[in-house]
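Source file structure38.cif; content: mmCIF, C-alpha atoms and all ligand atoms.
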```cif
data_structure
#
loop_
_atom_site.label_atom_id
_atom_site.label_comp_id
_atom_site.auth_asym_id
_atom_site.auth_seq_id
_atom_site.Cartn_x
_atom_site.Cartn_y
_atom_site.Cartn_z
CA MET A 159 103.36 122.22 106.26
CA GLU A 160 106.56 121.15 104.53
CA GLU A 161 106.62 124.38 102.53
CA ILE A 162 106.72 126.44 105.67
CA PHE A 163 108.82 124.52 108.15
CA GLN A 164 112.09 122.68 108.11
CA THR A 165 111.09 119.23 109.23
CA ASP A 166 114.22 118.59 111.26
CA GLN A 167 113.77 121.60 113.55
CA LEU A 168 114.74 120.68 117.11
CA ILE A 169 112.05 121.57 119.66
CA LYS A 170 112.87 121.27 123.36
CA TYR A 171 109.94 122.92 125.10
CA ILE A 172 106.39 121.58 125.18
CA TYR A 173 103.24 123.24 126.48
CA ILE A 174 100.06 121.18 126.84
CA HIS A 175 96.73 122.88 127.50
CA VAL A 176 94.32 120.71 129.49
CA PRO A 177 90.95 122.35 128.84
CA PHE A 178 88.83 121.16 131.76
CA CYS A 179 87.71 122.67 135.05
CA LEU A 180 85.21 121.47 137.64
CA LYS A 181 83.62 124.92 137.59
CA LYS A 182 84.51 128.21 135.97
CA CYS A 183 86.10 130.72 138.38
CA ASN A 184 84.61 134.22 138.52
CA TYR A 185 87.64 136.00 137.04
CA CYS A 186 88.95 133.54 134.49
CA SER A 187 89.07 134.03 130.73
CA PHE A 188 91.17 130.97 129.91
CA TYR A 189 89.53 128.45 127.65
CA SER A 190 88.07 125.45 129.48
CA GLU A 191 85.05 123.14 129.42
CA ILE A 192 83.28 121.64 132.41
CA TYR A 193 84.95 118.31 133.16
CA SER A 194 83.46 114.98 132.23
CA ASP A 195 85.22 111.60 132.15
CA ASP A 196 84.14 110.90 128.58
CA LEU A 197 85.26 114.24 127.19
CA LYS A 198 88.57 113.99 129.01
CA LYS A 199 89.17 110.50 127.57
CA LYS A 200 88.46 111.79 124.08
CA PHE A 201 90.73 114.78 124.63
CA VAL A 202 93.65 112.59 125.75
CA SER A 203 93.28 110.37 122.68
CA TYR A 204 93.29 113.40 120.34
CA LEU A 205 96.18 114.98 122.18
CA ILE A 206 98.22 111.84 121.61
CA LYS A 207 97.30 111.97 117.92
CA GLU A 208 98.43 115.60 117.83
CA ILE A 209 101.76 114.72 119.46
CA LYS A 210 102.31 111.98 116.87
CA LEU A 211 101.63 114.46 114.03
CA PHE A 212 104.29 116.79 115.37
CA LYS A 213 106.70 113.93 116.02
CA ASN A 214 106.48 113.02 112.35
CA LYS A 215 107.44 116.54 111.28
CA PHE A 216 109.92 117.79 113.86
CA HIS A 217 112.74 116.60 116.02
CA LEU A 218 111.19 116.66 119.49
CA LYS A 219 113.65 116.22 122.32
CA SER A 220 111.95 117.61 125.39
CA GLU A 221 113.81 119.49 128.10
CA THR A 222 110.59 120.74 129.65
CA ILE A 223 106.94 119.76 129.48
CA TYR A 224 104.34 122.02 131.05
CA PHE A 225 100.77 120.87 131.69
CA GLY A 226 98.72 124.08 131.97
CA GLY A 227 95.05 124.79 131.85
CA GLY A 228 92.30 124.55 132.70
CA THR A 229 92.95 122.13 135.51
CA PRO A 230 95.60 119.56 134.57
CA SER A 231 95.22 117.85 137.95
CA LEU A 232 91.96 116.42 136.56
CA LEU A 233 94.14 114.07 134.49
CA SER A 234 94.72 110.69 136.06
CA PRO A 235 98.31 109.55 136.67
CA GLU A 236 97.68 106.98 133.93
CA ASP A 237 96.69 109.76 131.47
CA ILE A 238 99.82 111.67 132.43
CA ASN A 239 102.05 108.62 131.90
CA ASN A 240 100.45 107.92 128.52
CA ILE A 241 101.02 111.50 127.37
CA ILE A 242 104.57 111.84 128.69
CA SER A 243 105.64 108.50 127.22
CA GLU A 244 105.05 109.93 123.71
CA PHE A 245 108.11 112.17 124.07
CA ASN A 246 111.82 111.56 123.81
CA LEU A 247 112.88 112.18 127.41
CA THR A 248 116.65 111.70 127.17
CA ASP A 249 117.26 115.39 127.97
CA ILE A 250 114.22 116.00 130.17
CA LYS A 251 114.81 118.38 133.10
CA GLU A 252 111.44 119.63 134.25
CA ILE A 253 107.85 118.42 133.93
CA THR A 254 105.33 120.76 135.55
CA LEU A 255 101.70 120.07 136.38
CA GLU A 256 99.40 122.93 137.33
CA ALA A 257 97.20 121.64 140.14
CA ASN A 258 94.10 122.70 141.99
CA PRO A 259 94.59 122.13 145.76
CA LEU A 260 91.20 120.43 145.79
CA ASN A 261 92.50 117.53 143.67
CA ILE A 262 95.62 116.83 145.71
CA ASP A 263 94.54 114.21 148.20
CA LYS A 264 97.02 111.72 149.69
CA ILE A 265 96.47 109.07 147.04
CA TYR A 266 96.68 111.41 144.04
CA ALA A 267 99.83 113.09 145.43
CA LYS A 268 101.47 109.70 145.92
CA GLU A 269 100.52 108.50 142.45
CA LEU A 270 101.70 111.75 140.88
CA ALA A 271 105.06 111.33 142.58
CA GLU A 272 105.37 107.97 140.82
CA THR A 273 105.04 109.66 137.39
CA LEU A 274 107.84 111.79 135.90
CA ILE A 275 106.16 115.02 137.05
CA ASN A 276 108.82 116.79 139.13
CA ARG A 277 107.33 120.25 139.58
CA ILE A 278 103.89 121.24 140.82
CA SER A 279 102.39 124.66 140.29
CA LEU A 280 99.67 124.93 142.91
CA GLY A 281 96.80 127.33 142.19
CA VAL A 282 96.75 128.78 145.70
CA GLN A 283 95.79 132.39 144.82
CA SER A 284 95.00 133.50 148.41
CA PHE A 285 94.85 132.22 151.98
CA LEU A 286 91.75 134.24 152.81
CA ASP A 287 88.56 132.21 152.43
CA LYS A 288 86.54 135.36 151.70
CA GLU A 289 88.85 136.09 148.74
CA LEU A 290 88.78 132.51 147.48
CA GLU A 291 85.00 132.64 147.60
CA LEU A 292 84.89 135.96 145.76
CA LEU A 293 87.14 134.51 143.07
CA GLY A 294 84.84 131.50 142.78
CA ARG A 295 87.61 129.05 143.63
CA LEU A 296 86.43 125.66 144.82
CA HIS A 297 89.12 125.27 147.48
CA ASN A 298 89.55 126.95 150.84
CA ALA A 299 92.68 127.81 152.80
CA GLU A 300 92.55 124.61 154.84
CA GLN A 301 92.67 122.56 151.65
CA ILE A 302 95.80 124.39 150.50
CA TYR A 303 97.62 123.28 153.66
CA LYS A 304 96.47 119.70 153.16
CA ALA A 305 97.43 119.64 149.48
CA TYR A 306 100.85 121.08 150.25
CA GLU A 307 101.45 118.57 153.03
CA ASN A 308 100.39 115.70 150.77
CA LEU A 309 102.78 116.86 148.04
CA ARG A 310 105.71 117.26 150.42
CA ASN A 311 105.01 113.90 152.10
CA SER A 312 104.98 112.29 148.66
CA GLY A 313 108.44 113.69 147.95
CA PHE A 314 107.86 116.74 145.72
CA LYS A 315 110.81 119.09 146.10
CA ASN A 316 109.87 121.75 143.58
CA ILE A 317 106.54 123.45 144.27
CA SER A 318 105.32 126.79 142.99
CA PHE A 319 102.41 128.85 144.35
CA ASP A 320 100.27 131.34 142.46
CA LEU A 321 99.36 134.52 144.32
CA ILE A 322 96.73 136.86 142.95
CA TYR A 323 96.44 140.50 144.08
CA GLY A 324 94.48 143.62 143.19
CA LEU A 325 91.10 142.06 144.12
CA PRO A 326 87.98 144.16 144.68
CA ASN A 327 88.15 145.94 148.06
CA GLN A 328 91.49 144.27 148.89
CA THR A 329 93.69 145.97 151.47
CA ILE A 330 97.42 145.68 152.02
CA GLU A 331 96.65 143.72 155.21
CA ASP A 332 94.78 141.16 153.08
CA VAL A 333 97.77 140.83 150.76
CA SER A 334 100.09 140.55 153.72
CA PHE A 335 97.94 137.81 155.30
CA SER A 336 98.26 135.51 152.27
CA LEU A 337 101.88 136.37 151.66
CA GLU A 338 102.93 135.54 155.21
CA ARG A 339 101.29 132.12 154.98
CA MET A 340 102.97 131.44 151.67
CA VAL A 341 106.38 132.40 153.00
CA ASP A 342 105.82 130.24 156.10
CA LEU A 343 105.15 127.21 153.91
CA ASP A 344 108.37 127.94 151.99
CA PRO A 345 107.60 126.81 148.40
CA GLU A 346 110.49 126.97 145.95
CA HIS A 347 108.77 129.38 143.58
CA ILE A 348 106.00 132.01 143.68
CA SER A 349 104.23 133.51 140.66
CA THR A 350 102.26 136.69 141.26
CA TYR A 351 99.33 137.89 139.17
CA CYS A 352 97.60 141.23 139.20
CA LEU A 353 93.89 140.60 138.69
CA SER A 354 92.73 141.76 135.30
CA LEU A 355 89.08 141.36 134.36
CA GLU A 356 87.71 140.84 130.87
CA LYS A 357 84.17 142.05 130.22
CA ASP A 358 82.73 138.54 129.96
CA VAL A 359 83.65 137.31 133.47
CA PRO A 360 81.22 137.49 136.45
CA LEU A 361 83.62 139.52 138.60
CA TYR A 362 83.65 142.28 136.00
CA ASN A 363 80.65 143.84 137.73
CA MET A 364 82.96 144.60 140.69
CA LYS A 365 85.54 146.39 138.55
CA LYS A 366 84.85 149.69 140.29
CA GLN A 367 85.85 148.17 143.64
CA ILE A 368 89.28 147.23 142.34
CA PRO A 369 92.01 149.18 144.16
CA SER A 370 93.49 152.17 142.34
CA ASP A 371 96.71 151.89 140.30
CA GLU A 372 98.62 153.55 143.15
CA GLU A 373 97.31 150.99 145.65
CA VAL A 374 97.99 148.05 143.35
CA SER A 375 101.49 149.36 142.73
CA GLU A 376 101.95 149.54 146.51
CA PHE A 377 100.81 145.88 146.77
CA TYR A 378 103.28 144.87 144.04
CA TYR A 379 106.32 146.44 145.73
CA PHE A 380 105.18 145.18 149.13
CA ILE A 381 105.05 141.63 147.76
CA ARG A 382 108.43 142.07 146.08
CA ASP A 383 110.09 143.33 149.28
CA LYS A 384 108.63 140.56 151.43
CA LEU A 385 109.60 137.80 149.03
CA MET A 386 113.12 139.10 148.53
CA THR A 387 113.57 139.44 152.29
CA ALA A 388 112.40 135.82 152.60
CA GLY A 389 115.19 134.68 150.25
CA TYR A 390 113.42 134.59 146.89
CA GLU A 391 115.20 135.92 143.85
CA HIS A 392 113.09 138.24 141.73
CA TYR A 393 113.99 136.88 138.29
CA GLU A 394 111.10 138.03 136.14
CA ILE A 395 108.65 140.92 136.60
CA SER A 396 106.01 138.63 138.14
CA ASN A 397 108.07 135.63 139.26
CA PHE A 398 110.20 134.79 142.29
CA ALA A 399 112.28 131.71 142.98
CA LYS A 400 114.68 130.22 145.45
CA GLU A 401 118.13 129.88 143.91
CA GLY A 402 118.10 127.24 141.16
CA PHE A 403 114.31 126.93 141.10
CA GLU A 404 113.42 129.38 138.32
CA SER A 405 110.82 127.90 135.98
CA ARG A 406 112.91 126.43 133.17
CA HIS A 407 109.84 126.15 131.01
CA ASN A 408 108.65 129.73 131.39
CA LEU A 409 112.18 130.98 130.75
CA CYS A 410 111.87 129.54 127.24
CA TYR A 411 109.23 132.18 126.46
CA TRP A 412 111.37 135.06 127.70
CA ASN A 413 114.50 133.63 126.02
CA ASP A 414 112.98 133.52 122.51
CA GLU A 415 113.15 129.72 122.28
CA PHE A 416 110.89 127.67 120.01
CA TYR A 417 108.17 125.66 121.74
CA LEU A 418 105.30 123.44 120.83
CA GLY A 419 101.77 124.25 122.00
CA LEU A 420 99.44 121.24 122.16
CA GLY A 421 95.75 121.03 123.00
CA PRO A 422 92.92 123.50 122.35
CA ALA A 423 93.78 127.20 122.76
CA ALA A 424 97.49 126.37 123.08
CA SER A 425 99.98 128.58 121.27
CA GLY A 426 103.26 127.50 119.75
CA TYR A 427 106.30 129.17 118.23
CA ILE A 428 108.31 127.34 115.63
CA GLU A 429 110.85 128.82 113.24
CA ARG A 430 109.55 132.37 113.71
CA ASN A 431 105.96 131.24 113.14
CA ARG A 432 103.39 131.63 115.86
CA TYR A 433 100.22 129.59 115.87
CA THR A 434 97.25 129.12 118.18
CA ASN A 435 94.98 126.08 118.24
CA PRO A 436 91.21 126.71 118.22
CA SER A 437 89.71 127.68 121.58
CA ASP A 438 87.02 125.07 121.14
CA LEU A 439 87.43 121.41 121.88
CA TYR A 440 85.26 120.26 118.97
CA GLU A 441 87.05 122.45 116.43
CA TYR A 442 90.29 121.16 117.86
CA PHE A 443 89.19 117.54 117.27
CA ILE A 444 88.32 118.42 113.65
CA GLN A 445 91.67 120.12 113.18
CA ILE A 446 93.46 116.95 114.26
CA GLU A 447 91.25 114.74 112.11
CA THR A 448 91.84 116.87 109.03
CA LEU A 449 95.57 117.14 109.83
CA GLU A 450 95.35 120.94 109.94
CA VAL A 451 97.30 120.96 113.17
CA PHE A 452 98.76 124.42 112.74
CA GLY A 453 95.50 126.34 112.90
CA ASN A 454 96.26 129.99 112.36
CA PHE A 455 100.03 130.09 112.07
CA ARG A 456 101.42 133.54 111.51
CA SER A 457 104.89 134.23 110.25
CA LEU A 458 106.64 136.86 112.35
CA SER A 459 108.18 139.67 110.33
CA LYS A 460 111.72 140.65 111.28
CA SER A 461 110.46 143.82 112.91
CA ASP A 462 107.74 141.96 114.88
CA HIS A 463 110.34 139.45 116.00
CA GLU A 464 112.60 142.29 117.13
CA LYS A 465 109.78 143.92 119.12
CA GLU A 466 108.80 140.66 120.78
CA PHE A 467 112.41 139.95 121.63
CA ILE A 468 112.76 143.34 123.31
CA PHE A 469 109.72 143.16 125.55
CA LEU A 470 110.12 139.47 126.42
CA SER A 471 113.83 139.85 127.28
CA LEU A 472 113.21 142.96 129.35
CA ARG A 473 110.71 141.06 131.50
CA LYS A 474 113.69 139.22 132.99
CA THR A 475 115.35 141.19 135.77
CA VAL A 476 118.76 140.32 134.32
CA GLY A 477 117.63 142.25 131.25
CA MET A 478 118.36 141.96 127.55
CA ASN A 479 121.75 140.96 126.24
CA LEU A 480 122.87 143.65 123.79
CA LYS A 481 125.32 141.36 121.98
CA GLU A 482 122.58 138.78 121.47
CA PHE A 483 120.32 141.48 120.06
CA GLN A 484 123.05 142.60 117.65
CA LYS A 485 123.62 139.01 116.55
CA LYS A 486 119.94 138.27 115.98
CA PHE A 487 118.96 141.51 114.27
CA GLN A 488 122.26 142.90 112.91
CA THR A 489 121.35 146.18 114.58
CA ASP A 490 122.89 148.19 117.38
CA PHE A 491 120.07 148.42 119.93
CA LEU A 492 121.57 151.43 121.74
CA LYS A 493 121.85 153.39 118.50
CA LYS A 494 118.49 152.41 117.06
CA TYR A 495 116.53 153.30 120.19
CA SER A 496 118.87 156.04 121.46
CA LYS A 497 116.12 158.62 122.14
CA ILE A 498 113.91 156.30 124.19
CA ILE A 499 116.92 154.94 126.04
CA ALA A 500 118.22 158.42 126.87
CA LYS A 501 114.82 159.38 128.30
CA TYR A 502 114.61 156.31 130.54
CA LEU A 503 118.26 156.44 131.58
CA GLU A 504 117.69 160.03 132.64
CA ASN A 505 114.76 159.17 134.91
CA LYS A 506 116.49 155.94 136.02
CA PHE A 507 113.85 153.56 134.71
CA ILE A 508 116.49 151.60 132.82
CA GLU A 509 120.16 150.90 133.37
CA ILE A 510 122.98 149.51 131.29
CA GLU A 511 125.64 147.30 132.79
CA GLU A 512 128.29 145.64 130.63
CA GLU A 513 126.37 143.89 127.83
CA PHE A 514 122.95 144.04 129.53
CA ILE A 515 120.23 146.64 129.43
CA ARG A 516 117.50 146.20 132.02
CA LEU A 517 114.58 147.86 133.75
CA THR A 518 115.27 149.19 137.23
CA PRO A 519 112.89 148.00 139.99
CA LYS A 520 110.90 151.24 139.95
CA ALA A 521 110.05 150.54 136.30
CA TYR A 522 108.65 147.06 136.88
CA PHE A 523 105.11 148.11 137.66
CA VAL A 524 104.95 150.42 134.63
CA SER A 525 106.85 148.05 132.34
CA ASP A 526 103.99 147.83 129.81
CA GLU A 527 104.16 151.58 129.19
CA ILE A 528 107.91 151.40 128.65
CA PHE A 529 107.64 148.38 126.33
CA SER A 530 105.00 150.18 124.26
CA GLU A 531 107.57 152.84 123.36
CA PHE A 532 109.85 150.22 121.83
CA VAL A 533 107.07 148.48 120.00
S1 LIG B 1 91.24 129.99 137.10
FE1 LIG B 1 91.98 127.94 136.65
S2 LIG B 1 90.53 126.57 137.75
FE2 LIG B 1 89.54 128.58 137.58
S3 LIG B 1 88.33 128.47 135.70
FE3 LIG B 1 90.29 129.36 135.16
S4 LIG B 1 91.54 127.66 134.48
FE4 LIG B 1 89.79 126.80 135.62
#
```

Would you kindly transcribe this structure into structure tokens?
Ligand code: SF4
Amino acid sequence: MEEIFQTDQLIKYIYIHVPFCLKKCNYCSFYSEIYSDDLKKKFVSYLIKEIKLFKNKFHLKSETIYFGGGTPSLLSPEDINNIISEFNLTDIKEITLEANPLNIDKIYAKELAETLINRISLGVQSFLDKELELLGRLHNAEQIYKAYENLRNSGFKNISFDLIYGLPNQTIEDVSFSLERMVDLDPEHISTYCLSLEKDVPLYNMKKQIPSDEEVSEFYYFIRDKLMTAGYEHYEISNFAKEGFESRHNLCYWNDEFYLGLGPAASGYIERNRYTNPSDLYEYFIQIETLEVFGNFRSLSKSDHEKEFIFLSLRKTVGMNLKEFQKKFQTDFLKKYSKIIAKYLENKFIEIEEEFIRLTPKAYFVSDEIFSEFV
């Protein structure tokens, strides 16, 4: 490890993958195991060992910690306190816990509010019970209201909702139904996801019933319009926030910052090296025991780094800072990519304003196609 990394590298952003769910949802390809108390206990003890290994090698001073999953709300408040207390929290600004509405009863919400968690990302997905059932979610719409009320009553002032769209046989009225209920509840942040199905998930057999690209594009711009009208700022292709409530943690990915990934299947990015922990709890335990904590680290070449920087920066609606690009890569972006830029300026899919180049709104839904030309 010493040969590859400077050991005093400052790392401010921490992602923790909690690999447990009560049941696998019908559309999900994320790594998780079915929850058991014993396995969770073992996981927490290995996670703490993993944190200690990193603490010995790097200078960890967390500004954000993000508990993702899986279902992090299966951790007890005591687990959460034990994990968080491993970090230097002098500069901490945001600690997010992804939560399943089903887990957020009055007692859990109250106990969570007594930890340092200050942001909850609630896996709402939809307010239509028929859609929640199709997705194989364990909660229903009623439970979302209860969870939200419990969180607010316990004092949480920064709550994000996930909204999924592009479901089999979904209509714009269905999308509108969920969206209206979300806006009525007034969370500080909303993340939107277009359903994408891998071959190995149960819902894949309904792939043919998924709305066409034109329909899904219509859903996307409908959602965008409604959320912006309701006072949300569209700050990243799929993310909307009330002023000052952008996800600080997720911005680290789009801003090319280094971050630590802890837990099975978690990815990290340190000194231009990317690594991913094994997507298997038992292999993960072995990796910690044998001190091979970096799994499959991969050094990013300068050109790969440049490509990643372009497509991650352009996901932000503010766009990519041309001066920053020049500084990082000693290259004039506008000259190097002049042909592609000319084409997209011509059809108004990108715009340049002062030192920023950005996608225009009509390009958002086809952003992957545009990025592929740069990479
Ligand atoms: S969607 Fe979330 S709750 Fe459902 S299986 Fe995937 S990680 Fe678990």

### Message
What residues of the protein or nucleic acid chains come within 6 Å of ligand LIG 1 (chain B) when you use only C-alpha atoms and all ligand atoms? Reply as a list in words.
### Response
Cys179, Lys182, Cys183, Cys186, Phe188, Gly227, Gly228 and Thr229 of chain A

### Message
Would you pick out the contacts of region 409-411 of chain A at 12 Å or less, using all atoms listed in the file, so that residues sharing its chain but fewer than 6 positions from it are not included, and give the list as a PyMOL selection string?
### Response
chain A and resi 169-173+221-224+252+393-394+397+403+417-419+425-428+466-467+469-476

### Message
When you look at region 362-373 of chain A with a cut-off of 7 Å (counting only C-alpha atoms), what residues show up, excluding the ones that are within fewer than 2 positions of it in the same chain? I need them as a list of chain:residue names.
### Response
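Those residues are A:Gly324, A:Leu325, A:Pro326, A:Asn327, A:Gln328, A:Leu355, A:Glu356, A:Lys357, A:Val359, A:Pro360, A:Ser375, A:Glu376, A:Phe377.
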
### Query
Taking all atoms listed in the file into account, which of A:Pro519, A:Pro345, A:Gly313, A:Gly421 comes nearest Ile206 (chain A)?
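Going through A:Pro519, A:Pro345, A:Gly313, A:Gly421 one by one, the smallest distance to Ile206 (chain A) is for A:Gly421.
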
### Task
Take the point (92.1, 121.5, 113.5) in the file's coordinates, draw a sphere of radius 12 Å around it, and report as an NGL selection string every protein, DNA or RNA residue with an atom inside or on it, counting all atoms listed in the file.
:A and (204-205 or 207-208 or 211 or 420-423 or 433-455)

#### Entry: d(CA of Lys251 (chain A), CA of Asn408 (chain A)) in Å
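Distance reported for this atom pair: 13.0 Å.
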
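Among the candidate residues A:Ser234, A:Asn184, A:Ser525, A:Ser396, the one lying nearest to Leu293 (chain A) is A:Asn184, with distances computed using all atoms listed in the file.
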
### Summary
Taken to one decimal, the CA of Phe380 (chain A)-CA of Thr254 (chain A) distance is 27.9 Å

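If you measure from each of A:Tyr193, A:Phe514, A:Tyr495, A:Phe285 to Val333 (chain A) using only C-alpha atoms, the closest one turns out to be A:Phe285.
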
### Task
Between A:Val374, A:Leu274, A:Val524, A:Ile508, single out the one closest to Ser243 (chain A), counting only C-alpha atoms.
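Answer, going by the shortest atom-to-atom distance: A:Leu274.
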
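Counting from CA of Phe216 (chain A), the distance to CA of Gln167 (chain A) is 5.4 Å.
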
### Query
For the point (118.6, 142.5, 126.6) in file coordinates, what residues are within 7 Å, counting all atoms listed in the file? Give the answer as a list of chain:residue names?
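Output: A:Ile468, A:Ser471, A:Leu472, A:Gly477, A:Met478, A:Asn479, A:Leu480, A:Phe483, A:Phe514, A:Ile515, A:Arg516.
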
Give the padded box for region 294-310 of chain A as lines of an AutoDock Vina configuration file: axis-aligned, covering all atoms listed in the file, 3 Å on each side, centre and edge lengths in Å to one decimal.
```
center_x = 95.3
center_y = 123.6
center_z = 148.8
size_x = 26.9
size_y = 21.8
size_z = 18.1
```

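Distances to Lys497 (chain A) were evaluated for A:Arg432, A:Phe532, A:Ile241, A:Asn316 using all atoms listed in the file, and the minimum falls at A:Phe532.
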
### Task
For each of A:Ile348, A:Ile275, A:Leu343, A:Ala399, take the minimum atom-to-atom distance to Phe225 (chain A), counting all atoms listed in the file, then give the residue where this is smallest.
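Under the stated criterion, the closest residue is A:Ile275.
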
For N, CA, C and O atoms, please extract region 379-391 of chain A from the block and return it as a short mmCIF file (atom, residue, chain, number, x, y, z; two decimals), in the first residue's frame.
```cif
data_model
loop_
_atom_site.label_atom_id
_atom_site.label_comp_id
_atom_site.auth_asym_id
_atom_site.auth_seq_id
_atom_site.Cartn_x
_atom_site.Cartn_y
_atom_site.Cartn_z
N TYR A 379 -39.03 15.41 -18.16
CA TYR A 379 -39.20 16.87 -18.23
C TYR A 379 -40.44 17.33 -17.46
O TYR A 379 -40.47 18.45 -16.94
N PHE A 380 -41.41 16.47 -17.35
CA PHE A 380 -42.59 16.77 -16.53
C PHE A 380 -42.18 16.90 -15.06
O PHE A 380 -42.53 17.86 -14.37
N ILE A 381 -41.38 15.93 -14.61
CA ILE A 381 -40.90 15.95 -13.22
C ILE A 381 -40.08 17.22 -12.98
O ILE A 381 -40.25 17.93 -11.99
N ARG A 382 -39.18 17.49 -13.92
CA ARG A 382 -38.30 18.67 -13.79
C ARG A 382 -39.13 19.96 -13.67
O ARG A 382 -38.91 20.77 -12.77
N ASP A 383 -40.11 20.11 -14.56
CA ASP A 383 -40.94 21.33 -14.53
C ASP A 383 -41.67 21.47 -13.21
O ASP A 383 -41.69 22.53 -12.60
N LYS A 384 -42.28 20.36 -12.77
CA LYS A 384 -43.07 20.41 -11.53
C LYS A 384 -42.18 20.77 -10.34
O LYS A 384 -42.57 21.56 -9.48
N LEU A 385 -41.02 20.15 -10.28
CA LEU A 385 -40.16 20.38 -9.12
C LEU A 385 -39.60 21.81 -9.13
O LEU A 385 -39.52 22.46 -8.09
N MET A 386 -39.25 22.28 -10.32
CA MET A 386 -38.73 23.65 -10.37
C MET A 386 -39.82 24.66 -10.03
O MET A 386 -39.58 25.64 -9.32
N THR A 387 -41.04 24.39 -10.50
CA THR A 387 -42.16 25.28 -10.16
C THR A 387 -42.40 25.27 -8.64
O THR A 387 -42.80 26.26 -8.05
N ALA A 388 -42.13 24.11 -8.02
CA ALA A 388 -42.36 24.00 -6.57
C ALA A 388 -41.18 24.56 -5.76
O ALA A 388 -41.15 24.43 -4.53
N GLY A 389 -40.21 25.15 -6.44
CA GLY A 389 -39.13 25.83 -5.69
C GLY A 389 -37.86 25.01 -5.51
O GLY A 389 -36.98 25.40 -4.74
N TYR A 390 -37.76 23.90 -6.23
CA TYR A 390 -36.53 23.11 -6.14
C TYR A 390 -35.55 23.57 -7.22
O TYR A 390 -35.97 23.83 -8.35
N GLU A 391 -34.29 23.61 -6.85
CA GLU A 391 -33.27 23.94 -7.84
C GLU A 391 -32.82 22.63 -8.48
O GLU A 391 -32.58 21.64 -7.78
#
```
